[in-house]
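S.K.: Below is start-v3.txt; it holds compact mmCIF, C-alpha atoms and all ligand atoms.
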# COMPACT_ATOMS: atom_id res chain seq x y z
CA MET U 1 -4.89 197.09 -43.91
CA ALA U 2 -2.03 195.86 -46.10
CA LYS U 3 -2.50 194.70 -49.65
CA VAL U 4 -1.31 191.24 -50.65
CA TYR U 5 -1.52 190.36 -54.33
CA TRP U 6 -2.15 186.74 -55.26
CA MET U 7 -2.37 184.42 -58.25
CA ASN U 8 -3.03 180.70 -58.22
CA ASP U 9 -0.54 178.14 -59.51
CA ARG U 10 -2.59 176.93 -62.50
CA SER U 11 -0.96 177.43 -65.87
CA SER U 12 -1.93 176.92 -69.50
CA SER U 13 -0.30 179.69 -71.57
CA TYR U 14 2.65 182.06 -71.83
CA GLN U 15 0.81 184.55 -69.66
CA THR U 16 -0.03 182.01 -66.96
CA SER U 17 3.35 180.35 -66.61
CA LEU U 18 4.40 180.67 -63.00
CA VAL U 19 7.37 182.80 -64.05
CA ALA U 20 5.01 185.16 -65.90
CA LYS U 21 2.67 185.24 -62.91
CA MET U 22 5.54 186.12 -60.59
CA LEU U 23 6.49 189.05 -62.82
CA THR U 24 2.86 190.14 -63.14
CA LEU U 25 2.59 190.18 -59.35
CA PHE U 26 5.86 192.09 -59.07
CA ASP U 27 4.30 194.96 -60.99
CA ALA U 28 0.84 194.64 -59.44
CA ALA U 29 2.26 194.99 -55.93
CA GLY U 30 4.30 198.04 -56.96
CA LEU U 31 7.70 196.38 -56.45
CA ASN U 32 8.77 197.86 -59.79
CA GLU U 33 8.51 201.31 -58.20
CA LEU U 34 11.21 200.40 -55.67
CA VAL U 35 13.92 200.31 -58.34
CA SER U 36 15.48 203.45 -59.79
CA PRO U 37 18.14 203.40 -62.51
CA GLY U 38 21.53 202.62 -61.00
CA ASP U 39 20.16 201.06 -57.81
CA VAL U 40 22.00 198.03 -56.49
CA VAL U 41 19.22 195.51 -55.89
CA ALA U 42 19.81 192.55 -53.57
CA ILE U 43 17.60 189.61 -54.50
CA LYS U 44 17.52 187.55 -51.32
CA ILE U 45 16.91 183.88 -51.96
CA HIS U 46 17.45 180.62 -50.12
CA THR U 47 19.75 178.58 -52.32
CA GLY U 48 18.93 175.26 -50.65
CA GLU U 49 20.88 172.78 -48.59
CA PHE U 50 22.96 169.97 -50.14
CA ASN U 51 20.48 167.38 -51.52
CA ASN U 52 17.40 169.45 -50.71
CA THR U 53 15.10 169.37 -53.73
CA ALA U 54 12.20 171.68 -52.84
CA TYR U 55 13.99 175.04 -53.04
CA LEU U 56 12.90 177.50 -55.74
CA ARG U 57 14.15 176.76 -59.23
CA PRO U 58 16.78 179.20 -60.53
CA VAL U 59 14.51 180.26 -63.40
CA TYR U 60 12.42 182.40 -61.02
CA VAL U 61 15.54 184.26 -59.94
CA ARG U 62 16.71 184.72 -63.52
CA ALA U 63 13.38 186.21 -64.52
CA LEU U 64 13.57 188.64 -61.62
CA VAL U 65 17.15 189.56 -62.50
CA ASP U 66 16.08 190.37 -66.06
CA LYS U 67 13.13 192.36 -64.78
CA ILE U 68 15.33 194.46 -62.51
CA LYS U 69 17.85 195.05 -65.28
CA GLY U 70 14.95 196.22 -67.43
CA LEU U 71 14.14 198.81 -64.77
CA GLY U 72 17.73 200.05 -64.83
CA GLY U 73 18.73 198.35 -61.58
CA ASP U 74 21.95 196.49 -60.92
CA PRO U 75 20.85 193.14 -59.47
CA MET U 76 22.88 190.77 -57.35
CA VAL U 77 21.67 187.48 -55.92
CA VAL U 78 22.51 187.23 -52.24
CA ASP U 79 22.66 184.58 -49.55
CA THR U 80 24.73 184.22 -46.38
CA THR U 81 26.86 181.61 -44.69
CA THR U 82 25.09 179.48 -42.14
CA LEU U 83 25.78 178.17 -38.69
CA PRO U 84 26.83 174.53 -38.91
CA TYR U 85 23.32 173.38 -37.81
CA SER U 86 24.53 169.77 -38.11
CA PRO U 87 27.75 167.76 -37.77
CA PHE U 88 28.40 167.98 -41.52
CA PRO U 89 27.63 171.51 -42.66
CA SER U 90 27.55 172.32 -46.38
CA ARG U 91 26.97 176.09 -46.33
CA SER U 92 28.86 177.46 -43.35
CA THR U 93 31.75 179.03 -45.29
CA ALA U 94 31.55 181.00 -48.52
CA LEU U 95 33.63 178.27 -50.14
CA ASP U 96 31.17 175.54 -49.18
CA LEU U 97 28.15 177.72 -49.84
CA LEU U 98 29.30 178.56 -53.36
CA LYS U 99 29.82 174.87 -54.08
CA SER U 100 26.33 174.01 -52.79
CA VAL U 101 24.82 176.98 -54.60
CA ALA U 102 26.35 175.87 -57.91
CA ARG U 103 25.29 172.25 -57.37
CA ASN U 104 21.74 173.48 -56.90
CA GLY U 105 21.89 175.29 -60.23
CA PHE U 106 22.48 178.87 -59.11
CA THR U 107 25.39 180.03 -61.24
CA PRO U 108 26.09 183.51 -62.63
CA ASP U 109 25.40 182.11 -66.12
CA ALA U 110 22.03 180.73 -65.06
CA LEU U 111 21.05 183.79 -63.07
CA GLY U 112 22.45 186.53 -65.29
CA ALA U 113 23.85 188.27 -62.22
CA PRO U 114 26.63 187.78 -59.68
CA ILE U 115 26.04 185.66 -56.60
CA VAL U 116 27.26 187.53 -53.54
CA ILE U 117 27.92 185.74 -50.27
CA ALA U 118 26.94 188.83 -48.40
CA ASP U 119 28.62 188.16 -45.04
CA GLY U 120 32.04 187.17 -46.38
CA TYR U 121 34.26 184.11 -46.21
CA ILE U 122 33.19 182.76 -42.81
CA GLY U 123 30.34 185.12 -42.17
CA THR U 124 32.03 187.86 -40.16
CA ASP U 125 31.41 190.78 -42.52
CA ASP U 126 28.44 192.55 -41.00
CA VAL U 127 26.81 195.77 -39.86
CA ARG U 128 25.41 196.23 -36.35
CA ILE U 129 21.81 197.41 -36.15
CA ASP U 130 20.33 198.78 -32.94
CA LEU U 131 16.94 197.25 -32.09
CA PRO U 132 15.33 199.10 -29.16
CA GLU U 133 11.94 197.96 -30.48
CA GLY U 134 12.98 194.28 -30.66
CA PHE U 135 10.82 191.63 -28.97
CA ILE U 136 13.84 189.78 -27.57
CA LEU U 137 16.90 190.96 -29.55
CA LYS U 138 18.04 194.48 -28.81
CA GLU U 139 20.72 194.50 -31.48
CA GLN U 140 21.41 192.44 -34.57
CA TYR U 141 24.18 191.92 -37.12
CA ILE U 142 23.24 192.05 -40.79
CA ALA U 143 25.45 190.93 -43.69
CA THR U 144 27.24 193.94 -45.16
CA GLY U 145 26.46 192.95 -48.74
CA ILE U 146 22.76 193.21 -47.99
CA ALA U 147 22.78 196.08 -45.50
CA LEU U 148 24.48 198.39 -48.00
CA ALA U 149 22.20 197.56 -50.95
CA ASP U 150 19.82 200.24 -52.22
CA VAL U 151 16.86 197.87 -52.58
CA MET U 152 16.07 194.36 -51.35
CA ILE U 153 13.61 191.99 -52.99
CA ALA U 154 12.98 188.93 -50.84
CA LEU U 155 12.11 186.09 -53.18
CA THR U 156 10.87 183.45 -50.78
CA HIS U 157 9.94 179.81 -50.99
CA PHE U 158 7.08 179.46 -48.50
CA LYS U 159 7.27 176.14 -46.63
CA GLY U 160 7.75 174.73 -43.13
CA HIS U 161 10.71 175.36 -40.87
CA PRO U 162 11.83 173.35 -37.84
CA MET U 163 12.47 176.41 -35.65
CA GLY U 164 10.29 179.14 -37.09
CA THR U 165 7.50 176.54 -37.63
CA PHE U 166 7.08 178.01 -41.11
CA GLY U 167 9.59 179.66 -43.39
CA GLY U 168 8.17 182.68 -45.20
CA ALA U 169 9.33 186.20 -45.98
CA LEU U 170 10.15 187.00 -42.34
CA LYS U 171 12.33 183.93 -42.02
CA ASN U 172 13.98 184.42 -45.42
CA ILE U 173 15.30 187.82 -44.39
CA GLY U 174 15.40 187.19 -40.63
CA VAL U 175 17.77 184.28 -40.76
CA GLY U 176 19.04 184.75 -44.30
CA CYS U 177 20.25 188.35 -44.00
CA ALA U 178 21.98 187.80 -40.65
CA SER U 179 25.74 187.32 -40.61
CA LYS U 180 27.14 184.36 -38.71
CA ARG U 181 27.34 186.48 -35.56
CA GLY U 182 23.76 187.54 -36.24
CA LYS U 183 22.72 183.91 -36.56
CA LEU U 184 24.34 183.06 -33.22
CA ASN U 185 22.36 185.95 -31.78
CA LEU U 186 19.00 184.94 -33.23
CA HIS U 187 19.51 181.32 -32.21
CA LEU U 188 19.97 182.72 -28.73
CA GLY U 189 23.50 181.43 -28.19
CA GLY U 190 24.62 182.39 -24.69
CA HIS U 191 21.14 183.55 -23.64
CA PRO U 192 20.63 183.08 -19.88
CA LYS U 193 17.21 181.44 -20.25
CA TYR U 194 16.75 180.16 -23.81
CA GLY U 195 20.32 179.53 -24.98
CA LEU U 196 21.62 176.02 -25.68
CA ASN U 197 24.21 176.77 -23.01
CA THR U 198 21.42 176.39 -20.42
CA ARG U 199 20.29 172.94 -21.56
CA ALA U 200 20.08 169.96 -19.26
CA TRP U 201 23.02 167.58 -19.78
CA MET U 202 22.94 163.92 -18.74
CA PRO U 203 26.42 162.51 -19.40
CA GLU U 204 25.55 159.25 -17.66
CA ARG U 205 23.56 158.38 -20.80
CA CYS U 206 26.62 158.57 -23.01
CA ALA U 207 27.54 155.22 -24.54
CA LYS U 208 31.11 156.39 -25.29
CA GLU U 209 32.95 154.00 -27.67
CA GLU U 210 29.81 151.87 -28.00
CA CYS U 211 27.97 154.79 -29.59
CA PRO U 212 27.88 154.73 -33.42
CA GLU U 213 28.35 158.52 -33.41
CA TYR U 214 31.33 158.48 -31.05
CA GLN U 215 34.00 159.43 -33.60
CA VAL U 216 31.85 162.28 -34.88
CA CYS U 217 31.05 163.37 -31.36
CA LEU U 218 34.76 163.69 -30.53
CA HIS U 219 35.04 166.46 -33.14
CA LEU U 220 31.60 168.01 -32.94
CA CYS U 221 31.96 171.39 -31.32
CA PRO U 222 33.90 174.19 -33.08
CA TYR U 223 34.21 176.00 -29.75
CA GLY U 224 35.50 173.09 -27.67
CA ALA U 225 32.42 173.03 -25.45
CA ILE U 226 31.91 169.26 -25.70
CA VAL U 227 34.88 167.27 -24.39
CA HIS U 228 35.15 163.52 -24.04
CA THR U 229 37.32 162.26 -21.19
CA ASP U 230 38.07 158.61 -20.42
CA GLU U 231 35.11 158.52 -18.03
CA THR U 232 32.48 160.88 -19.37
CA VAL U 233 31.41 163.59 -21.80
CA LEU U 234 31.68 167.11 -20.43
CA PHE U 235 29.66 170.13 -21.49
CA HIS U 236 31.47 173.44 -20.85
CA ARG U 237 28.47 175.77 -20.82
CA ASP U 238 30.60 178.89 -20.80
CA LYS U 239 32.07 177.92 -24.19
CA CYS U 240 28.80 177.07 -25.94
CA ARG U 241 27.87 179.70 -28.55
CA GLY U 242 24.69 177.99 -29.74
CA CYS U 243 25.93 177.04 -33.21
CA LEU U 244 23.69 173.94 -33.30
CA ALA U 245 26.37 171.65 -34.78
CA CYS U 246 25.86 169.16 -31.97
CA VAL U 247 22.10 169.29 -31.62
CA PRO U 248 21.04 166.54 -34.05
CA VAL U 249 23.54 164.18 -32.41
CA VAL U 250 23.49 164.84 -28.68
CA THR U 251 19.75 165.51 -28.57
CA MET U 252 18.95 162.27 -30.38
CA CYS U 253 21.12 160.21 -28.04
CA GLY U 254 19.45 161.71 -25.00
CA VAL U 255 22.50 163.35 -23.42
CA GLY U 256 21.64 166.96 -24.31
CA PHE U 257 18.18 168.52 -24.06
CA LEU U 258 16.67 171.56 -25.67
CA PRO U 259 15.87 174.37 -23.23
CA ASP U 260 12.18 175.02 -22.56
CA ASP U 261 10.65 177.41 -25.10
CA TYR U 262 13.85 177.37 -27.16
CA PHE U 263 12.05 177.12 -30.50
CA ASP U 264 9.34 179.61 -29.55
CA ALA U 265 11.88 182.21 -28.47
CA THR U 266 13.95 181.57 -31.59
CA ALA U 267 10.89 182.07 -33.81
CA ALA U 268 10.42 185.47 -32.16
CA ALA U 269 14.10 186.34 -32.52
CA ILE U 270 13.97 185.50 -36.24
CA VAL U 271 11.44 188.30 -36.65
CA ASP U 272 13.55 190.78 -34.69
CA SER U 273 16.37 189.91 -37.05
CA ALA U 274 14.08 190.48 -40.03
CA LEU U 275 13.33 193.93 -38.68
CA ALA U 276 17.05 194.62 -38.45
CA ALA U 277 17.50 193.63 -42.11
CA THR U 278 14.77 196.02 -43.24
CA LYS U 279 16.15 198.80 -41.06
CA ALA U 280 19.55 198.29 -42.66
CA VAL U 281 18.25 198.57 -46.21
CA GLY U 282 15.35 200.91 -45.45
CA PRO U 283 11.87 199.42 -44.87
CA GLU U 284 10.43 201.44 -47.75
CA LYS U 285 13.03 199.93 -50.08
CA CYS U 286 12.11 196.29 -49.39
CA GLY U 287 9.58 194.23 -51.35
CA TYR U 288 8.39 190.66 -50.97
CA ILE U 289 7.46 187.85 -53.34
CA SER U 290 6.52 184.49 -51.85
CA LEU U 291 5.98 181.40 -53.95
CA ALA U 292 3.94 178.85 -52.02
CA LEU U 293 4.86 175.83 -54.11
CA ASP U 294 6.26 172.42 -53.10
CA ILE U 295 5.35 173.18 -49.50
CA SER U 296 7.58 170.72 -47.69
CA PRO U 297 7.14 170.45 -43.93
CA TRP U 298 10.68 171.50 -43.18
CA CYS U 299 12.87 174.17 -44.61
CA ASP U 300 15.18 174.24 -47.64
CA CYS U 301 17.95 174.27 -45.02
CA VAL U 302 17.61 170.54 -44.35
CA ASN U 303 19.31 168.09 -46.68
CA TYR U 304 16.16 166.34 -47.87
CA SER U 305 12.65 167.39 -48.86
CA ASP U 306 9.58 165.53 -47.67
CA ARG U 307 6.31 165.32 -49.58
CA PRO U 308 4.44 168.65 -49.45
CA ILE U 309 1.92 168.93 -46.60
CA VAL U 310 -0.61 170.93 -48.62
CA PRO U 311 -1.07 171.44 -52.37
CA ASN U 312 0.52 174.48 -53.98
CA LEU U 313 -1.13 177.62 -52.61
CA GLY U 314 -0.08 180.06 -55.31
CA LEU U 315 2.10 183.13 -55.68
CA PHE U 316 2.01 186.21 -53.47
CA ALA U 317 3.54 189.70 -53.54
CA SER U 318 3.36 192.58 -51.08
CA MET U 319 5.24 195.47 -49.56
CA ASP U 320 4.42 194.14 -46.09
CA PRO U 321 6.35 191.08 -44.83
CA VAL U 322 3.93 190.41 -41.96
CA ALA U 323 0.91 190.58 -44.24
CA ILE U 324 2.39 188.32 -46.91
CA ASP U 325 3.30 185.66 -44.34
CA SER U 326 -0.15 185.98 -42.76
CA ALA U 327 -1.78 185.52 -46.17
CA CYS U 328 0.30 182.41 -46.96
CA LEU U 329 -0.45 180.98 -43.52
CA ARG U 330 -4.17 181.54 -43.90
CA LYS U 331 -4.21 179.83 -47.29
CA ALA U 332 -2.34 176.88 -45.83
CA LYS U 333 -4.72 176.63 -42.88
CA GLU U 334 -7.77 176.79 -45.17
CA SER U 335 -6.39 174.07 -47.41
CA ALA U 336 -6.88 170.35 -47.04
CA GLY U 337 -3.71 168.43 -46.26
CA MET U 338 -1.81 166.42 -48.86
CA PRO U 339 -2.66 162.69 -48.87
CA ASP U 340 0.06 160.44 -47.50
CA SER U 341 2.14 163.40 -46.32
CA ILE U 342 3.17 163.99 -42.73
CA ALA U 343 -0.06 166.02 -42.43
CA MET U 344 -1.93 162.73 -42.54
CA ALA U 345 0.33 161.17 -39.95
CA LYS U 346 -0.18 164.21 -37.68
CA GLY U 347 -3.97 164.29 -38.10
CA ALA U 348 -3.81 167.68 -39.82
CA MET U 349 -5.68 166.90 -43.04
CA ASP U 350 -8.82 168.97 -42.47
CA PRO U 351 -9.24 172.57 -43.66
CA GLY U 352 -9.05 174.86 -40.66
CA VAL U 353 -6.28 172.92 -38.91
CA PRO U 354 -3.03 174.92 -38.56
CA LYS U 355 -0.78 172.88 -40.82
CA PHE U 356 2.61 174.17 -39.75
CA ALA U 357 2.01 173.96 -36.02
CA ALA U 358 1.24 170.29 -36.69
CA CYS U 359 3.93 169.52 -39.25
CA GLY U 360 6.47 172.34 -39.50
CA SER U 361 7.76 172.07 -35.98
CA PHE U 362 8.35 168.64 -34.52
CA ILE U 363 7.43 169.89 -31.04
CA GLY U 364 4.22 171.72 -31.98
CA VAL U 365 5.33 175.35 -31.76
CA SER U 366 2.62 177.89 -32.65
CA GLU U 367 2.69 179.15 -36.23
CA GLU U 368 1.34 182.50 -35.01
CA ILE U 369 4.52 183.61 -33.25
CA GLN U 370 6.30 185.10 -36.26
CA PRO U 371 3.44 187.26 -37.60
CA ASN U 372 2.33 188.26 -34.10
CA VAL U 373 5.83 189.40 -33.18
CA GLY U 374 6.18 191.15 -36.54
CA GLN U 375 3.02 193.13 -35.91
CA GLN U 376 3.98 193.87 -32.32
CA ILE U 377 7.37 195.33 -33.25
CA GLY U 378 5.91 197.44 -36.04
CA MET U 379 7.16 195.57 -39.10
CA GLY U 380 3.74 195.33 -40.64
CA THR U 381 0.19 194.18 -40.03
CA ARG U 382 -1.65 190.89 -39.87
CA GLN U 383 -4.69 192.62 -41.38
CA PHE U 384 -4.54 192.18 -45.13
CA GLU U 385 -6.68 192.44 -48.20
CA LEU U 386 -5.97 189.56 -50.59
CA ILE U 387 -6.26 190.88 -54.13
CA GLU U 388 -6.48 188.32 -56.90
CA VAL U 389 -4.57 189.46 -59.97
CA GLU U 390 -5.57 188.44 -63.49
CA PRO U 391 -2.88 187.31 -65.94
CA LEU U 392 -1.88 189.89 -68.53
CA GLU U 393 -3.61 189.44 -71.87
CA ASP U 394 -0.55 190.39 -73.92
CA ALA U 395 1.96 187.51 -74.10
CA THR U 396 4.77 189.68 -75.50
CA PRO U 397 6.59 190.40 -72.21
CA PHE U 398 6.86 186.70 -71.46
CA LEU U 399 8.09 185.43 -74.82
CA PHE U 400 11.63 184.12 -75.23
CA THR U 401 11.80 185.91 -78.58
CA THR U 402 9.49 188.05 -80.66
CA VAL U 403 10.91 186.62 -83.90
CA PRO U 404 8.40 184.05 -85.25
CA ALA U 405 9.57 180.52 -86.06
CA GLY U 406 9.46 180.97 -89.83
CA ALA U 407 11.66 184.05 -89.71
CA LYS U 408 14.08 182.47 -87.23
CA LEU U 409 14.47 179.04 -88.86
CA GLY U 410 13.68 179.68 -92.53
CA ARG U 411 17.14 180.92 -93.48
CA PRO U 412 19.22 178.26 -91.61
CA PHE U 413 16.94 175.51 -92.91
CA ALA U 414 17.38 176.84 -96.43
CA LYS U 415 21.18 177.06 -96.05
CA LYS U 416 21.42 173.54 -94.57
CA GLY U 417 19.25 172.08 -97.32
CA ASP U 418 16.12 169.98 -96.79
CA ILE U 419 16.69 167.56 -93.89
CA TYR U 420 13.49 165.66 -94.72
CA PRO U 421 14.56 162.27 -96.19
CA PRO U 422 13.85 161.97 -99.93
CA GLY U 423 10.68 159.94 -100.23
CA GLY U 424 9.79 160.46 -96.53
CA PHE U 425 10.58 158.51 -93.32
CA LYS U 426 10.22 154.73 -93.14
CA ARG U 427 7.01 154.10 -91.17
CA LYS U 428 3.99 151.76 -91.20
CA ASP U 429 1.06 153.23 -93.07
CA GLU U 430 -1.36 152.32 -90.29
CA VAL U 431 -1.19 150.70 -86.83
CA ASP U 432 -3.69 149.23 -84.37
CA LEU U 433 -4.09 151.99 -81.77
CA GLU U 434 -7.15 150.33 -80.18
CA ASP U 435 -4.90 147.53 -79.04
CA VAL U 436 -2.54 149.82 -77.08
CA ARG U 437 -5.37 151.90 -75.58
CA GLU U 438 -6.52 148.95 -73.48
CA PRO U 439 -5.41 148.95 -69.82
S1 LIG P 501 26.33 161.06 -29.50
FE1 LIG P 501 25.68 161.01 -27.35
S2 LIG P 501 25.99 158.90 -26.70
FE2 LIG P 501 27.15 159.19 -28.59
S3 LIG P 501 29.18 159.73 -27.92
FE3 LIG P 501 28.09 161.65 -28.23
S4 LIG P 501 27.20 162.19 -26.26
FE4 LIG P 501 27.84 160.03 -26.14
S1 LIG P 502 28.05 172.83 -27.65
FE1 LIG P 502 27.25 174.80 -28.32
S2 LIG P 502 28.89 175.72 -29.52
FE2 LIG P 502 29.36 173.53 -29.29
S3 LIG P 502 28.48 172.53 -31.10
FE3 LIG P 502 26.92 172.47 -29.53
S4 LIG P 502 25.69 174.31 -29.86
FE4 LIG P 502 27.64 174.60 -30.96
Show how you would write the structure in this file as structure tokens.
Ligand code: SF4
Ligand code: SF4
M.R.:
Amino acid sequence: MAKVYWMNDRSSSYQTSLVAKMLTLFDAAGLNELVSPGDVVAIKIHTGEFNNTAYLRPVYVRALVDKIKGLGGDPMVVDTTTLPYSPFPSRSTALDLLKSVARNGFTPDALGAPIVIADGYIGTDDVRIDLPEGFILKEQYIATGIALADVMIALTHFKGHPMGTFGGALKNIGVGCASKRGKLNLHLGGHPKYGLNTRAWMPERCAKEECPEYQVCLHLCPYGAIVHTDETVLFHRDKCRGCLACVPVVTMCGVGFLPDDYFDATAAAIVDSALAATKAVGPEKCGYISLALDISPWCDCVNYSDRPIVPNLGLFASMDPVAIDSACLRKAKESAGMPDSIAMAKGAMDPGVPKFAACGSFIGVSEEIQPNVGQQIGMGTRQFELIEVEPLEDATPFLFTTVPAGAKLGRPFAKKGDIYPPGGFKRKDEVDLEDVREP
């Protein structure tokens, strides 16, 4: 049985700030023992899509960077280029990704460590990992900048995900450590049964110039698989690599369809890819922190963030990626849904209802696929002991400074001279507070 360490998201002191709790959990789960002096430590985060607002705040990453430096490690913050996923991608080259990363507040100054786009300029810098034990993938391609690290800490925002149904530790490293070629693989591009190349195509539904998306559609496919002629719109299946750039457009208009079980098979492939990432680094050198806060129904990879579907579930840490995802999932299932969120619209408000199957995937894909596949391929176990961790009593490790206010400000105040106006500030001696207390 794996151990998962947990703290709630309530806070009322230095020791119970969520940053302090994250660091307390880091030690409680033994993640500090992963780092030896001189180790290059990849902190894998999701830096958030353009205009997403639910991704983890940079302060969590900074605190982890400082912690790892304190252990003698050499931290770097890593993410990878994406597939287009939409007609207007904002993270599919290192150039675009670095712009989006900075706009979301992740800068070397803020983080105290370099940001490494681990698969290179357009995502082709990778390492091949053999996966004989994979559920569906038998090989995978992992970003070089992650594969060659000594240690990986996956700092994950737990939330929903349109393909994985939920996005936890397995998805953070499964999708997020894959190079672009690896992402084409895990999204099953070219697969004879589940690949987008196999989808049904109904060109007779195309509105051509009458369609508001027509100009976009003309330039949609980076591989030239979608071609508009005077009469129709052709789909060259042999050219489709499954990059998803066209999906939001041609699926919505009813010309292209998703293959049966496409999302289910992709959810499984995400976990195979996660296994490849841990094999590249070394499974015993990987640790997991998941912050189940701002639990939006879809991932940080969409360019908006809907109201959370459940209240904050707390902070988790473990050495087992399957167990930590299972623990987060169970907490979400046990929770009541968030009023006026999509959970209400989907009838998933009651404790006991699987929240992500209802809200995370728009076609109702099971939220059990990822942890079940993870257990089946030997990444970890769904059996976990949830250990509640108490905040530390000593505030010292979480203080900005150990110099008290009088010592810090006494001298500059004395040098500046008294800034208090002679005779005091101009104010009324008394006011009617009863009057402004009334509703
Ligand atoms: S979005 Fe659909 S309807 Fe519009 S031009 Fe493209 S294929 Fe035709
Ligand atoms: S047709 Fe295939 S390769 Fe082209 S944009 Fe769509 S998913 Fe990508």
S.K.: Mind dumping a table of every chain U residue within 6 Å of ligand LIG 502 (chain P), with the nearest atom pair and its distance in Å to one decimal, using all atoms listed in the file, sorted by chain and rising number, as JSON lines?
M.R.:
{"residue": "U:Leu220", "atom": "CA", "partner": "P:LIG502", "partner_atom": "S3", "distance": 5.8}
{"residue": "U:Cys221", "atom": "CA", "partner": "P:LIG502", "partner_atom": "S3", "distance": 3.7}
{"residue": "U:Pro222", "atom": "CA", "partner": "P:LIG502", "partner_atom": "FE2", "distance": 6.0}
{"residue": "U:Tyr223", "atom": "CA", "partner": "P:LIG502", "partner_atom": "S2", "distance": 5.3}
{"residue": "U:Ala225", "atom": "CA", "partner": "P:LIG502", "partner_atom": "S1", "distance": 4.9}
{"residue": "U:Ile226", "atom": "CA", "partner": "P:LIG502", "partner_atom": "S1", "distance": 5.6}
{"residue": "U:Cys240", "atom": "CA", "partner": "P:LIG502", "partner_atom": "FE1", "distance": 3.6}
{"residue": "U:Arg241", "atom": "CA", "partner": "P:LIG502", "partner_atom": "S2", "distance": 4.2}
{"residue": "U:Gly242", "atom": "CA", "partner": "P:LIG502", "partner_atom": "S4", "distance": 3.8}
{"residue": "U:Cys243", "atom": "CA", "partner": "P:LIG502", "partner_atom": "FE4", "distance": 3.7}
{"residue": "U:Leu244", "atom": "CA", "partner": "P:LIG502", "partner_atom": "S4", "distance": 4.0}
{"residue": "U:Ala245", "atom": "CA", "partner": "P:LIG502", "partner_atom": "S3", "distance": 4.3}
{"residue": "U:Cys246", "atom": "CA", "partner": "P:LIG502", "partner_atom": "FE3", "distance": 4.2}
S.K.: Which one of U:Val322, U:Asp230, U:Ile115, U:Cys206 sits closest to Gln376 (chain U) if you count all atoms listed in the file?
M.R.: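 Between U:Val322, U:Asp230, U:Ile115, U:Cys206, the residue approaching Gln376 (chain U) most closely is U:Val322.
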S.K.: Dump the neighbourhood of ligand LIG 501 (chain P) as a list of chain:residue names: all residues within 8 Å, distances computed on only C-alpha atoms and all ligand atoms.
M.R.: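 Using only C-alpha atoms and all ligand atoms, I find these residues within 8 Å of ligand LIG 501 (chain P): U:Pro203, U:Arg205, U:Cys206, U:Ala207, U:Lys208, U:Glu209, U:Glu210, U:Cys211, U:Pro212, U:Glu213, U:Tyr214, U:Gln215, U:Val216, U:Cys217, U:Leu218, U:Val233, U:Val249, U:Val250, U:Thr251, U:Met252, U:Cys253, U:Gly254, U:Val255, U:Gly256.
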S.K.: Hey, can you check how far CA of Tyr194 (chain U) sits from CA of Asp260 (chain U)?
M.R.: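 Atom-to-atom, CA of Tyr194 (chain U) to CA of Asp260 (chain U), that is 7.0 Å.
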S.K.: Choose the residue, out of U:Tyr5, U:Tyr262, U:Phe398, U:Phe362, that has the smallest atom-to-atom separation from Trp298 (chain U); count only C-alpha atoms.
M.R.: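 The answer is U:Phe362, which sits nearest to Trp298 (chain U).
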S.K.: When distances are computed from all atoms listed in the file, which of U:Pro321, U:Pro37, U:Gly282, U:Gly352 shows the smallest separation from Ser335 (chain U)?
M.R.: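 Between U:Pro321, U:Pro37, U:Gly282, U:Gly352, the residue approaching Ser335 (chain U) most closely is U:Gly352.
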S.K.: I want to know what sits within 7 Å of region 126-129 of chain U, based on only C-alpha atoms, with residues of the same chain fewer than 2 positions away left out; could you give that as a list in words?
M.R.: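 The contact residues come out as Asp119, Thr124, Leu131, Glu139, Gln140, Tyr141, Ile142, Ala143, Thr144, Ala147, Ser179, Ala276 and Ala280 of chain U.
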S.K.: Mind pulling up the distance from CA of Gly164 (chain U) to CA of Leu234 (chain U)?
M.R.: 29.7 Å
S.K.: For a cut-off of 6 Å around (24.6, 181.7, -46.0), file coordinates, pick out all residues using all atoms listed in the file and list them as number ranges by chain.
M.R.: U: 79-82
S.K.: Taking all atoms listed in the file into account, name the residue in U:Leu329, U:Pro311, U:Asn52, U:Gln375 that is nearest to Asn8 (chain U).
M.R.: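 Going through U:Leu329, U:Pro311, U:Asn52, U:Gln375 one by one, the smallest distance to Asn8 (chain U) is for U:Pro311.
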S.K.: Write out as a CSV table (one decimal) with C-alpha atoms, in the frame of the given file the residues lying within 9 Å of Thr156 (chain U), counting all atoms listed in the file and excluding same-chain residues fewer than 3 positions away.
M.R.:
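Wrote result24.csv, looks like this:
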chain,number,residue,atom,x,y,z
U,44,LYS,CA,17.5,187.6,-51.3
U,45,ILE,CA,16.9,183.9,-52.0
U,46,HIS,CA,17.4,180.6,-50.1
U,56,LEU,CA,12.9,177.5,-55.7
U,167,GLY,CA,9.6,179.7,-43.4
U,168,GLY,CA,8.2,182.7,-45.2
U,169,ALA,CA,9.3,186.2,-46.0
U,171,LYS,CA,12.3,183.9,-42.0
U,172,ASN,CA,14.0,184.4,-45.4
U,173,ILE,CA,15.3,187.8,-44.4
U,288,TYR,CA,8.4,190.7,-51.0
U,289,ILE,CA,7.5,187.8,-53.3
U,290,SER,CA,6.5,184.5,-51.8
U,291,LEU,CA,6.0,181.4,-54.0
U,292,ALA,CA,3.9,178.8,-52.0
S.K.: Just want the 8 Å neighbourhood of His187 (chain U), counted on all atoms listed in the file, with same-chain residues fewer than 3 positions away dropped. Output as a ChimeraX atom specification.
M.R.: /U:183-184,195,242-243,266,269
S.K.: Would you compute an axis-aligned box for region 157-166 of chain U, covering every atom listed for it in the file with 6 Å of margin on each side, and report centre and edge lengths in Å to one decimal as lines of an AutoDock Vina configuration file?
M.R.:
center_x = 9.8
center_y = 176.6
center_z = -43.3
size_x = 17.4
size_y = 18.5
size_z = 27.3
